[in-house]
Every structure is written in C-alpha cells, then in structure tokens.
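Have a look at entry-v4.cif below; it lists mmCIF, C-alpha atoms and all ligand atoms.
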```
data_entry
#
loop_
_atom_site.label_atom_id
_atom_site.label_comp_id
_atom_site.auth_asym_id
_atom_site.auth_seq_id
_atom_site.Cartn_x
_atom_site.Cartn_y
_atom_site.Cartn_z
CA MET E 159 13.85 -15.76 -9.08
CA LYS E 160 14.96 -13.97 -5.91
CA VAL E 161 13.16 -10.76 -4.98
CA LEU E 162 13.94 -8.22 -2.27
CA LEU E 163 10.94 -6.62 -0.56
CA THR E 164 11.99 -3.46 1.30
CA GLY E 165 9.41 -2.79 4.00
CA GLY E 166 8.22 -6.35 3.40
CA ALA E 167 6.92 -6.76 6.97
CA GLY E 168 4.41 -3.93 6.55
CA TYR E 169 0.75 -4.18 5.60
CA ILE E 170 1.09 -4.31 1.82
CA GLY E 171 4.58 -5.84 1.88
CA SER E 172 3.52 -8.83 3.98
CA HIS E 173 0.58 -9.66 1.71
CA THR E 174 2.89 -9.33 -1.30
CA ALA E 175 5.42 -11.66 0.35
CA VAL E 176 2.70 -14.32 0.66
CA GLU E 177 1.68 -13.99 -3.01
CA PHE E 178 5.31 -14.12 -4.19
CA ILE E 179 6.11 -17.19 -2.09
CA ASN E 180 2.95 -18.92 -3.33
CA ALA E 181 4.03 -18.13 -6.90
CA GLY E 182 7.41 -19.83 -6.30
CA TYR E 183 9.63 -16.79 -5.72
CA ASP E 184 12.50 -16.74 -3.26
CA VAL E 185 11.57 -13.82 -0.96
CA VAL E 186 13.96 -11.70 1.10
CA ILE E 187 12.52 -9.03 3.41
CA ALA E 188 14.46 -5.96 4.56
CA ASP E 189 12.68 -4.05 7.31
CA ASN E 190 13.63 -1.93 10.33
CA PHE E 191 10.27 -2.68 12.05
CA ASP E 192 9.67 1.04 12.48
CA ASN E 193 5.98 0.48 11.66
CA ALA E 194 5.83 -3.32 11.47
CA SER E 195 6.15 -6.34 13.75
CA PRO E 196 8.76 -9.13 13.60
CA LEU E 197 5.84 -11.53 14.27
CA VAL E 198 4.82 -10.99 10.64
CA LEU E 199 7.58 -13.42 9.64
CA ASP E 200 5.99 -16.19 11.76
CA ARG E 201 2.60 -15.45 10.24
CA ILE E 202 3.91 -15.55 6.68
CA GLU E 203 5.52 -18.88 7.48
CA ARG E 204 2.25 -20.21 8.92
CA ILE E 205 0.36 -19.20 5.78
CA THR E 206 2.85 -20.36 3.17
CA GLY E 207 5.00 -22.98 4.92
CA THR E 208 8.06 -20.94 3.96
CA ARG E 209 9.89 -18.39 6.10
CA PRO E 210 11.26 -15.48 4.08
CA THR E 211 14.88 -14.52 4.73
CA LEU E 212 14.95 -11.42 6.95
CA TYR E 213 17.45 -8.57 7.14
CA GLU E 214 16.65 -6.18 9.96
CA LEU E 215 18.14 -2.99 8.60
CA ASP E 216 17.42 0.57 7.55
CA VAL E 217 17.26 0.83 3.77
CA ALA E 218 19.05 4.21 4.04
CA ASP E 219 22.06 2.46 5.62
CA ALA E 220 24.31 1.95 2.59
CA ALA E 221 26.82 -0.32 4.38
CA ALA E 222 24.10 -2.68 5.65
CA MET E 223 22.45 -2.68 2.23
CA ASP E 224 25.75 -3.47 0.47
CA ALA E 225 26.39 -6.35 2.86
CA MET E 226 22.94 -7.78 2.07
CA PHE E 227 23.34 -7.31 -1.70
CA ASP E 228 26.80 -8.98 -1.47
CA LYS E 229 25.24 -12.04 0.18
CA GLU E 230 22.06 -12.34 -1.86
CA SER E 231 21.82 -12.31 -5.62
CA PHE E 232 18.64 -10.37 -6.30
CA ASP E 233 16.80 -10.52 -9.60
CA ALA E 234 14.44 -7.69 -8.68
CA VAL E 235 13.36 -5.34 -5.90
CA VAL E 236 9.93 -4.18 -4.73
CA HIS E 237 10.37 -0.98 -2.73
CA PHE E 238 7.68 -0.56 -0.06
CA ALA E 239 9.79 0.91 2.75
CA GLY E 240 8.72 4.41 3.73
CA LEU E 241 6.82 6.55 6.18
CA LYS E 242 3.17 6.89 5.18
CA ALA E 243 1.04 8.98 7.53
CA VAL E 244 -0.35 12.07 5.81
CA GLY E 245 -1.00 14.09 8.99
CA GLU E 246 2.37 13.22 10.54
CA SER E 247 4.10 14.25 7.31
CA CYS E 248 2.65 17.77 7.70
CA ALA E 249 3.90 17.95 11.31
CA ILE E 250 7.42 16.58 10.66
CA PRO E 251 8.05 17.11 6.92
CA LEU E 252 11.85 17.01 7.10
CA LYS E 253 11.78 13.53 8.62
CA TYR E 254 9.51 12.40 5.77
CA TYR E 255 11.70 13.91 3.06
CA ARG E 256 14.91 12.61 4.68
CA ASN E 257 13.61 9.09 5.19
CA ASN E 258 11.55 8.54 2.05
CA LEU E 259 14.10 10.05 -0.34
CA ASP E 260 17.24 8.68 1.37
CA THR E 261 15.89 5.14 1.29
CA THR E 262 15.15 5.31 -2.43
CA LEU E 263 18.48 6.93 -3.32
CA THR E 264 20.48 4.47 -1.23
CA LEU E 265 18.57 1.54 -2.68
CA MET E 266 19.04 2.71 -6.27
CA GLU E 267 22.77 3.31 -5.76
CA CYS E 268 23.13 -0.09 -4.17
CA MET E 269 21.23 -1.77 -7.03
CA LYS E 270 23.53 -0.02 -9.50
CA ARG E 271 26.68 -1.21 -7.68
CA HIS E 272 25.35 -4.78 -7.72
CA GLY E 273 23.95 -4.85 -11.23
CA VAL E 274 20.29 -5.23 -10.17
CA THR E 275 18.14 -3.59 -12.82
CA ARG E 276 14.47 -4.18 -11.98
CA ILE E 277 12.45 -2.23 -9.46
CA VAL E 278 8.76 -1.93 -8.66
CA PHE E 279 7.88 1.10 -6.54
CA SER E 280 4.93 1.60 -4.15
CA SER E 281 3.47 4.87 -5.27
CA SER E 282 0.06 6.28 -4.49
CA ALA E 283 -2.97 7.88 -6.07
CA THR E 284 -2.06 10.81 -3.84
CA VAL E 285 0.24 12.00 -6.67
CA TYR E 286 -2.88 13.04 -8.63
CA GLY E 287 -3.40 15.81 -6.03
CA ILE E 288 -6.83 17.41 -6.36
CA PRO E 289 -8.11 15.73 -9.52
CA GLU E 290 -9.95 17.79 -12.11
CA ARG E 291 -11.98 14.74 -13.07
CA VAL E 292 -12.40 11.05 -12.32
CA PRO E 293 -11.66 8.28 -13.14
CA LEU E 294 -7.95 8.92 -12.91
CA VAL E 295 -5.79 7.92 -15.86
CA GLU E 296 -2.01 7.51 -15.59
CA GLY E 297 -1.27 10.38 -18.00
CA MET E 298 -3.21 12.97 -16.01
CA PRO E 299 -1.34 15.87 -14.35
CA THR E 300 0.30 15.14 -11.02
CA SER E 301 0.64 17.36 -7.98
CA CYS E 302 0.35 16.87 -4.23
CA THR E 303 -1.29 18.32 -1.15
CA ASN E 304 1.05 17.13 1.66
CA PRO E 305 4.72 16.20 2.25
CA TYR E 306 3.99 12.45 2.26
CA GLY E 307 2.48 12.81 -1.20
CA TRP E 308 5.41 14.89 -2.40
CA THR E 309 7.83 12.16 -1.34
CA LYS E 310 5.91 9.70 -3.55
CA TYR E 311 5.95 12.26 -6.36
CA MET E 312 9.69 12.91 -5.97
CA ASN E 313 10.50 9.21 -5.77
CA GLU E 314 8.59 8.65 -9.01
CA ARG E 315 10.74 11.40 -10.56
CA ILE E 316 14.01 9.97 -9.20
CA LEU E 317 13.23 6.51 -10.53
CA THR E 318 12.05 7.81 -13.90
CA ASP E 319 15.19 9.92 -14.37
CA ALA E 320 17.40 6.99 -13.35
CA ALA E 321 15.73 4.80 -16.00
CA THR E 322 16.11 7.52 -18.62
CA ALA E 323 19.85 7.69 -17.94
CA ASP E 324 20.41 3.93 -17.74
CA SER E 325 18.93 1.96 -20.63
CA GLU E 326 19.23 -1.32 -18.69
CA LEU E 327 16.96 -0.21 -15.88
CA SER E 328 13.36 -1.34 -15.61
CA VAL E 329 11.09 0.75 -13.37
CA VAL E 330 7.43 0.07 -12.66
CA LEU E 331 5.55 2.69 -10.65
CA LEU E 332 2.36 1.36 -9.03
CA ARG E 333 -0.15 3.98 -7.95
CA TYR E 334 -2.24 2.37 -5.23
CA PHE E 335 -5.75 3.53 -4.48
CA ASN E 336 -7.21 2.65 -1.03
CA PRO E 337 -6.06 -0.80 0.14
CA ILE E 338 -8.24 -2.47 2.77
CA GLY E 339 -8.99 -6.09 3.71
CA ALA E 340 -6.55 -8.73 4.85
CA HIS E 341 -5.38 -12.24 4.01
CA GLU E 342 -8.33 -14.65 4.33
CA SER E 343 -6.45 -16.63 7.00
CA GLY E 344 -6.80 -13.67 9.39
CA LEU E 345 -3.09 -14.06 10.23
CA ILE E 346 -1.79 -10.86 8.62
CA GLY E 347 -3.47 -7.49 8.26
CA GLU E 348 -3.22 -3.75 8.85
CA ASN E 349 -1.87 -2.86 12.28
CA PRO E 350 -1.83 0.92 12.70
CA ASN E 351 -0.03 2.65 15.57
CA GLY E 352 -2.38 4.51 17.91
CA ILE E 353 -5.77 5.79 16.78
CA PRO E 354 -6.20 4.96 13.08
CA ASN E 355 -6.36 7.76 10.53
CA ASN E 356 -7.80 5.62 7.77
CA LEU E 357 -11.43 4.61 7.46
CA MET E 358 -11.37 0.80 7.56
CA PRO E 359 -9.06 0.34 10.57
CA TYR E 360 -11.18 2.92 12.39
CA ILE E 361 -14.34 0.95 11.59
CA THR E 362 -12.83 -2.37 12.70
CA GLN E 363 -11.68 -0.80 15.98
CA VAL E 364 -15.21 0.49 16.61
CA ALA E 365 -16.51 -3.01 15.80
CA VAL E 366 -14.11 -4.64 18.27
CA GLY E 367 -15.01 -2.10 20.99
CA LYS E 368 -11.69 -0.24 21.14
CA LEU E 369 -13.25 3.00 19.87
CA PRO E 370 -16.81 4.15 20.67
CA ARG E 371 -18.07 5.69 17.42
CA LEU E 372 -16.90 6.49 13.91
CA GLY E 373 -16.75 10.12 12.80
CA VAL E 374 -17.82 10.53 9.16
CA PHE E 375 -15.88 13.48 7.79
CA GLY E 376 -18.48 15.47 5.87
CA ASN E 377 -21.83 14.62 4.25
CA ASP E 378 -22.05 17.65 2.00
CA TYR E 379 -19.73 16.58 -0.81
CA PRO E 380 -21.09 16.52 -4.38
CA THR E 381 -21.39 12.71 -4.27
CA PRO E 382 -24.53 10.47 -4.30
CA ASP E 383 -24.90 10.39 -0.49
CA GLY E 384 -22.73 13.43 0.31
CA THR E 385 -19.85 11.44 1.84
CA GLY E 386 -16.38 11.04 0.27
CA VAL E 387 -15.93 8.48 -2.48
CA ARG E 388 -12.79 6.33 -2.84
CA ASP E 389 -11.57 3.31 -4.81
CA TYR E 390 -11.14 0.64 -2.12
CA ILE E 391 -9.08 -2.34 -3.24
CA HIS E 392 -8.54 -5.66 -1.47
CA VAL E 393 -4.91 -5.84 -0.31
CA VAL E 394 -4.60 -9.37 -1.76
CA ASP E 395 -5.59 -8.08 -5.21
CA LEU E 396 -3.07 -5.28 -4.75
CA ALA E 397 -0.38 -7.79 -3.77
CA ARG E 398 -1.09 -9.83 -6.91
CA GLY E 399 -0.60 -6.67 -8.96
CA HIS E 400 3.04 -6.67 -7.79
CA LEU E 401 3.54 -10.15 -9.21
CA LYS E 402 2.35 -8.95 -12.60
CA ALA E 403 4.52 -5.84 -12.30
CA ILE E 404 7.64 -7.91 -11.58
CA GLU E 405 6.91 -10.10 -14.58
CA TYR E 406 6.50 -6.97 -16.68
CA ALA E 407 9.76 -5.50 -15.37
CA ALA E 408 11.60 -8.72 -16.27
CA ALA E 409 10.49 -8.36 -19.90
CA HIS E 410 10.85 -4.58 -20.47
CA THR E 411 13.18 -1.68 -19.77
CA GLY E 412 12.29 1.98 -19.16
CA THR E 413 9.57 3.33 -16.89
CA GLU E 414 5.91 2.38 -16.84
CA ILE E 415 3.15 3.63 -14.52
CA PHE E 416 0.05 1.68 -13.54
CA ASN E 417 -2.98 2.53 -11.43
CA LEU E 418 -3.91 -0.33 -9.11
CA GLY E 419 -7.57 0.17 -8.27
CA THR E 420 -10.90 -1.48 -9.00
CA GLY E 421 -12.34 1.44 -10.96
CA ILE E 422 -15.35 1.51 -8.62
CA GLY E 423 -15.96 4.34 -6.17
CA TYR E 424 -17.69 3.67 -2.85
CA SER E 425 -18.76 6.29 -0.31
CA VAL E 426 -17.95 6.27 3.40
CA LEU E 427 -21.55 5.24 4.11
CA ASP E 428 -21.33 2.43 1.51
CA ILE E 429 -18.37 1.07 3.47
CA VAL E 430 -20.11 1.42 6.85
CA ASN E 431 -23.32 -0.19 5.59
CA THR E 432 -21.55 -3.04 3.79
CA PHE E 433 -19.35 -3.76 6.83
CA SER E 434 -22.46 -3.87 9.06
CA ARG E 435 -24.38 -6.15 6.70
CA VAL E 436 -21.56 -8.60 5.92
CA ASN E 437 -20.39 -8.96 9.52
CA ASP E 438 -23.71 -8.36 11.27
CA ILE E 439 -22.25 -5.63 13.48
CA ASP E 440 -23.68 -2.18 14.01
CA ILE E 441 -21.19 0.67 13.51
CA PRO E 442 -22.44 3.77 15.33
CA TYR E 443 -21.33 6.98 13.65
CA ASP E 444 -21.67 10.76 13.81
CA ILE E 445 -21.42 13.19 10.93
CA LYS E 446 -18.45 15.48 11.55
CA PRO E 447 -17.05 18.44 9.59
CA ARG E 448 -14.98 17.72 6.50
CA ARG E 449 -11.36 16.69 7.17
CA ALA E 450 -8.83 19.27 5.94
CA GLY E 451 -7.21 18.23 2.68
CA ASP E 452 -9.84 15.61 1.72
CA ILE E 453 -11.26 15.50 -1.78
CA ALA E 454 -14.80 14.52 -2.79
CA GLU E 455 -14.02 11.66 -5.16
CA CYS E 456 -10.99 9.59 -6.13
CA TYR E 457 -11.15 6.43 -8.21
CA ALA E 458 -9.01 4.77 -10.82
CA ASP E 459 -9.28 3.96 -14.44
CA PRO E 460 -7.51 0.56 -14.14
CA LYS E 461 -7.66 -0.16 -17.91
CA LYS E 462 -3.91 0.09 -18.47
CA ALA E 463 -3.11 -2.46 -15.73
CA ASN E 464 -5.93 -4.69 -17.04
CA GLU E 465 -4.63 -4.63 -20.60
CA VAL E 466 -0.85 -4.33 -20.27
CA LEU E 467 -0.24 -6.30 -17.07
CA GLY E 468 -3.17 -8.69 -17.49
CA TRP E 469 -4.15 -7.83 -13.91
CA ARG E 470 -7.62 -7.14 -12.60
CA ALA E 471 -9.00 -6.73 -9.08
CA GLU E 472 -11.18 -9.76 -8.40
CA LEU E 473 -12.36 -9.38 -4.81
CA GLY E 474 -15.38 -7.20 -4.07
CA LEU E 475 -16.39 -4.95 -1.20
CA ASP E 476 -18.09 -7.80 0.70
CA GLU E 477 -14.81 -9.75 0.79
CA MET E 478 -12.88 -6.62 1.78
CA CYS E 479 -15.21 -5.99 4.74
CA ARG E 480 -15.31 -9.68 5.74
CA ASP E 481 -11.51 -10.03 5.71
CA SER E 482 -10.82 -6.73 7.49
CA TRP E 483 -13.07 -7.88 10.32
CA ASN E 484 -11.68 -11.42 10.34
CA TRP E 485 -8.18 -9.98 10.89
CA GLN E 486 -9.30 -7.52 13.59
CA LYS E 487 -11.42 -9.97 15.58
CA ASN E 488 -8.68 -12.60 15.57
CA ASN E 489 -6.03 -10.01 16.52
CA PRO E 490 -7.76 -7.41 18.71
CA GLY E 491 -4.39 -6.15 19.93
CA GLY E 492 -2.70 -6.36 16.53
CA TYR E 493 0.45 -8.48 16.34
CA THR E 494 0.88 -9.97 19.79
CA LEU E 495 2.52 -13.23 20.82
CA ASP E 496 0.17 -16.20 20.38
N1 LIG R 1 -12.99 8.99 6.68
C1 LIG R 1 -13.98 9.24 7.63
N2 LIG R 1 -13.70 8.97 8.93
C2 LIG R 1 -12.50 8.49 9.36
C3 LIG R 1 -11.50 8.24 8.39
C4 LIG R 1 -11.78 8.51 7.07
O1 LIG R 1 -15.09 9.68 7.27
O2 LIG R 1 -12.33 8.30 10.57
C5 LIG R 1 -13.30 9.23 5.26
C6 LIG R 1 -12.40 10.27 4.61
O3 LIG R 1 -12.90 11.56 4.80
C7 LIG R 1 -12.41 9.80 3.15
C8 LIG R 1 -12.53 8.28 3.26
O4 LIG R 1 -13.05 8.03 4.56
O5 LIG R 1 -13.55 10.28 2.50
C9 LIG R 1 -11.19 7.54 3.12
O6 LIG R 1 -10.27 8.09 4.04
P1 LIG R 1 -8.87 7.36 4.35
O7 LIG R 1 -8.16 8.20 5.39
O8 LIG R 1 -9.10 5.93 4.66
O9 LIG R 1 -8.11 7.39 2.96
P2 LIG R 1 -7.69 8.64 2.07
O10 LIG R 1 -8.37 8.46 0.76
O11 LIG R 1 -7.85 9.94 2.75
O12 LIG R 1 -6.13 8.41 2.00
C10 LIG R 1 -5.61 7.33 1.29
C11 LIG R 1 -4.29 6.86 1.89
C12 LIG R 1 -3.23 7.90 1.76
C13 LIG R 1 -3.16 8.41 0.36
C14 LIG R 1 -4.52 8.85 -0.12
C15 LIG R 1 -4.54 9.31 -1.54
O13 LIG R 1 -4.46 6.57 3.25
O14 LIG R 1 -2.00 7.30 2.08
O15 LIG R 1 -5.42 7.76 -0.01
O16 LIG R 1 -4.13 8.30 -2.37
F1 LIG R 1 -2.32 9.46 0.30
#
```

As structure tokens, how would this structure be written, given the file I've shared?
Amino acid sequence: MKVLLTGGAGYIGSHTAVEFINAGYDVVIADNFDNASPLVLDRIERITGTRPTLYELDVADAAAMDAMFDKESFDAVVHFAGLKAVGESCAIPLKYYRNNLDTTLTLMECMKRHGVTRIVFSSSATVYGIPERVPLVEGMPTSCTNPYGWTKYMNERILTDAATADSELSVVLLRYFNPIGAHESGLIGENPNGIPNNLMPYITQVAVGKLPRLGVFGNDYPTPDGTGVRDYIHVVDLARGHLKAIEYAAAHTGTEIFNLGTGIGYSVLDIVNTFSRVNDIDIPYDIKPRRAGDIAECYADPKKANEVLGWRAELGLDEMCRDSWNWQKNNPGGYTLD
C-alpha cells in the first residue's frame, strides 16, 4: 500500500511516516520545507532503515502535483501540509486562507484526476471554538476563534462536501488535541521557528537554557489549580491513530470524524511539575496575565476513536515529558547537520 504524506517532513508528519514505514507501508513525502527540515528524511531513515521517497513541491502547485501522481500510484493520502500558527494567522489571514485552502483544493482535484479516493485530514480541536462543555464529542457544535482555526473548519467542510458528491470518496477527519513528545530515539521532534508559542517547546527551551523563564498565562481560570487545562497526547500515539484511520478509509466510504486525544486534562502546572520530576530539571516560571483567545479547559471524549478505529492513546504524561526533553537535549539547535 503506497501512501502520500503531504507535509510529511513536519512534526506530526515525520512521526506518522515512521509508524507507516514500520507497519510496512510504502511512504512518499511531499513537502516544501516551509516549516520543516530536509534532514528529517535522514532521521526517518536512521530510525526505520528505509528512506521515504521525497518530492520537494508546493501542494498548491497543480502541475507539480500531477507529475508526482503520474509517477506514483497512491492508494491513499494523509494531508498534513498547512500553516499552523494561531497568532500569525491573525496577523496575515489572507496568506493562511490562500495557502491552507489552495493546498486542499489542489490536492482533492489532483486525487480526482488520478482516481485516488482515500484521504485522512489533519484537523484540530480548535474547530470546537469556545466549548460549552467538556469532554468534547465529535457531534458538538463547531466554530472558531482565529483564521487558522477557520481554515481547518473550512477544509473539513470542503472534504465533507466532496465526499457527499462522490460516493467513491473516503474522508477521515482527525481532530487532534495537543500533541507533545517525540520519537523515543530522540532523532525527530518538534522544531518551532523562533520563540515557541506552544507550552511544551517553550518548557524544553527553558530547560536547555535558550529561554530564561516560562510565563504561565493565567492562574485564575475555573480549573483545579487555576491554570489552563488541555488534553496533551504523545505524538507517537497520534501518529498511530493515522494508521488506524487509513485502515478505516480503505474499508469505508463517506466522511467520518474522530477526536484523537487521551480524554485526560492536565493543567499548565501539571505539565511543568511532571517535566521537572521526570527529567530532574527545575523550570522557573512567572504567572502572567491570561493569553488572549485562550479557553479554560479543552479535552476530548476519545470513545469514538477507541470503539470504531480500535485506537487508544497508550503513552502517559511521564513519557511525553521524557521524550520531549530527550529530543531537545539531543538537538539543542533543532535539525542541524550531525
Ligand atoms: N501556555 C502558557 N505559557 C506558554 C504557552 C502556553 O501558560 O508559554 C498555556 C496556554 O495558556 C494553555 C496551555 O499552555 O493553557 C497550552 O497552550 P498551547 O499554546 O501549547 O496550546 P493551545 O491549546 O493554545 O493550542 C493548541 C494548538 C493549536 C490549536 C489549539 C486548539 O497549538 O494549534 O490547541 O486545538 F489550535
């Protein structure tokens, strides 16, 4: 079975490539390295013993996509490619809409021309907007609070409508919660540009001495310790969810949505304290005002993925903190030449 991973050199894509190769899939990566490093291919090869085929291209480039689809005979696509920074999406919304919608439309048209009918899409819990209650169930109302989120929302709509119109299409929408951690080898991991926006890369950069102190955004939320609660999921568990989703897509048509989370909410201070304990490193922090747009609590009800996909997150917070640090300490500058 040959599978195309768009954005396959990115954080989640690279971990998924490893799991697919280990499961015996033939993996092709299409990436423009806008927010990823070509060294990821070497690392995947070191972990698995197999180098995925690479096409360096922009998924919105229809001619380049057609040439790739002409050469390769894909059985399925996992579509990761996209811009993903919430704050940046508010500053340059048109770039986000242009990129994240163009890539999906071009990909879907290309799949249609080449008779490829199965797609798994990287969506996000961000499409639940400001939830009325938690845990979040797939059927709950969707809405968004920033342009990045709206591009996920719109892409879900585009894919759903395409599957309604074409009875051969199989679409699986995966709503990720908060992926952290890294492959246990320490060879691949999250490599943000500039100062990280997300909690775990910020913590690991404080731990490695690149940043002085963590700012905790608010301790007056209606949560057990007052700090924000999220559903952190090990990126390797998340990657394995894509394997199950591809198997599901091969056996069904139509659209299906799955939350990929653990179902457990941890606070910012839970993460800081667990990271410190597991890795024996102090993380100095200051309480700061709430961050605009943040919500108090967000965690999944993962029952549907458990029951329908037969998938369940298996790695706990200790492993997430251990592996995040293992990646950062082995790669203090991110992906650099060995
Ligand atoms: N936080 C801090 N300090 C930091 C960074 C984050 O206290 O320096 C807190 C936040 O306030 C929040 C929690 O840590 O309570 C998690 O924040 P992240 O930025 O790591 O993650 P978010 O839940 O805000 O965002 C994530 C993804 C988005 C996605 C969103 C909703 O990064 O892509 O979930 O699904 F849109």

Protein and nucleic residues near ligand LIG 1 (chain R), 7 Å, only C-alpha atoms and all ligand atoms, as a PyMOL selection string: chain E and resi 242-244+282-284+307+334-336+355-358+360+372-376+385-388+426+448-449+452+454

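Restricting the calculation to all atoms listed in the file, the smallest distance between Tyr306 in chain E and any of E:Pro460, E:Pro359, E:Gly240, E:Pro350 is found for E:Gly240.
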
Using only C-alpha atoms, find each residue of range 247-343 of chain E with at least one atom at most 10 Å away from an atom of range 191-207 of chain E; report its shortest atom-to-atom pair and that distance in Å (one decimal), sort the rows by chain and rising residue number, and return the result as CSV.
```
residue,atom,partner,partner_atom,distance
E:His341,CA,E:Ile205,CA,9.2
E:Glu342,CA,E:Ile205,CA,9.9
E:Ser343,CA,E:Ile205,CA,7.4
```

Can you check which parts of range 328-435 of chain E lie within 12 Å of range 464-468 of chain E? Per residue, the shortest pair of atoms and distance in Å to one decimal, counting all atoms listed in the file, sorted by chain and number, as JSON lines.
```
{"residue": "E:Val330", "atom": "CA", "partner": "E:Leu467", "partner_atom": "CA", "distance": 10.9}
{"residue": "E:Leu332", "atom": "CA", "partner": "E:Leu467", "partner_atom": "CA", "distance": 11.4}
{"residue": "E:Arg398", "atom": "CA", "partner": "E:Leu467", "partner_atom": "CA", "distance": 10.8}
{"residue": "E:Gly399", "atom": "CA", "partner": "E:Leu467", "partner_atom": "CA", "distance": 8.1}
{"residue": "E:His400", "atom": "CA", "partner": "E:Leu467", "partner_atom": "CA", "distance": 9.8}
{"residue": "E:Leu401", "atom": "CA", "partner": "E:Leu467", "partner_atom": "CA", "distance": 9.5}
{"residue": "E:Lys402", "atom": "CA", "partner": "E:Leu467", "partner_atom": "CA", "distance": 5.8}
{"residue": "E:Ala403", "atom": "CA", "partner": "E:Leu467", "partner_atom": "CA", "distance": 6.8}
{"residue": "E:Ile404", "atom": "CA", "partner": "E:Leu467", "partner_atom": "CA", "distance": 9.7}
{"residue": "E:Glu405", "atom": "CA", "partner": "E:Leu467", "partner_atom": "CA", "distance": 8.5}
{"residue": "E:Tyr406", "atom": "CA", "partner": "E:Leu467", "partner_atom": "CA", "distance": 6.8}
{"residue": "E:Ala407", "atom": "CA", "partner": "E:Leu467", "partner_atom": "CA", "distance": 10.2}
{"residue": "E:Ala409", "atom": "CA", "partner": "E:Leu467", "partner_atom": "CA", "distance": 11.3}
{"residue": "E:His410", "atom": "CA", "partner": "E:Val466", "partner_atom": "CA", "distance": 11.7}
{"residue": "E:Glu414", "atom": "CA", "partner": "E:Val466", "partner_atom": "CA", "distance": 10.1}
{"residue": "E:Ile415", "atom": "CA", "partner": "E:Val466", "partner_atom": "CA", "distance": 10.6}
{"residue": "E:Phe416", "atom": "CA", "partner": "E:Leu467", "partner_atom": "CA", "distance": 8.7}
{"residue": "E:Asn417", "atom": "CA", "partner": "E:Asn464", "partner_atom": "CA", "distance": 9.6}
{"residue": "E:Leu418", "atom": "CA", "partner": "E:Asn464", "partner_atom": "CA", "distance": 9.3}
{"residue": "E:Gly419", "atom": "CA", "partner": "E:Asn464", "partner_atom": "CA", "distance": 10.2}
{"residue": "E:Thr420", "atom": "CA", "partner": "E:Asn464", "partner_atom": "CA", "distance": 10.0}
{"residue": "E:Gly421", "atom": "CA", "partner": "E:Asn464", "partner_atom": "CA", "distance": 10.8}
```

Cut-off 12 Å around (6.5, 9.1, 5.3) with only C-alpha atoms: residues as a PyMOL selection string: chain E and resi 192-193+238-261+281+304-310+313

Between CA of Ile187 in chain E and CA of Val236 in chain E, distance in Å (one decimal):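 It comes out at 9.8 Å.
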
Separation of CA of Asp383 in chain E from CA of Met298 in chain E, in Å and rounded to one decimal: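 So the two atoms, CA of Asp383 in chain E and CA of Met298 in chain E, lie 26.8 Å apart.
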
Polymer residues at most 12 Å from (-1.3, -15.4, -5.6) by all atoms listed in the file, as an NGL selection string: :E and (173-183 or 206 or 341 or 393-402 or 469 or 472)
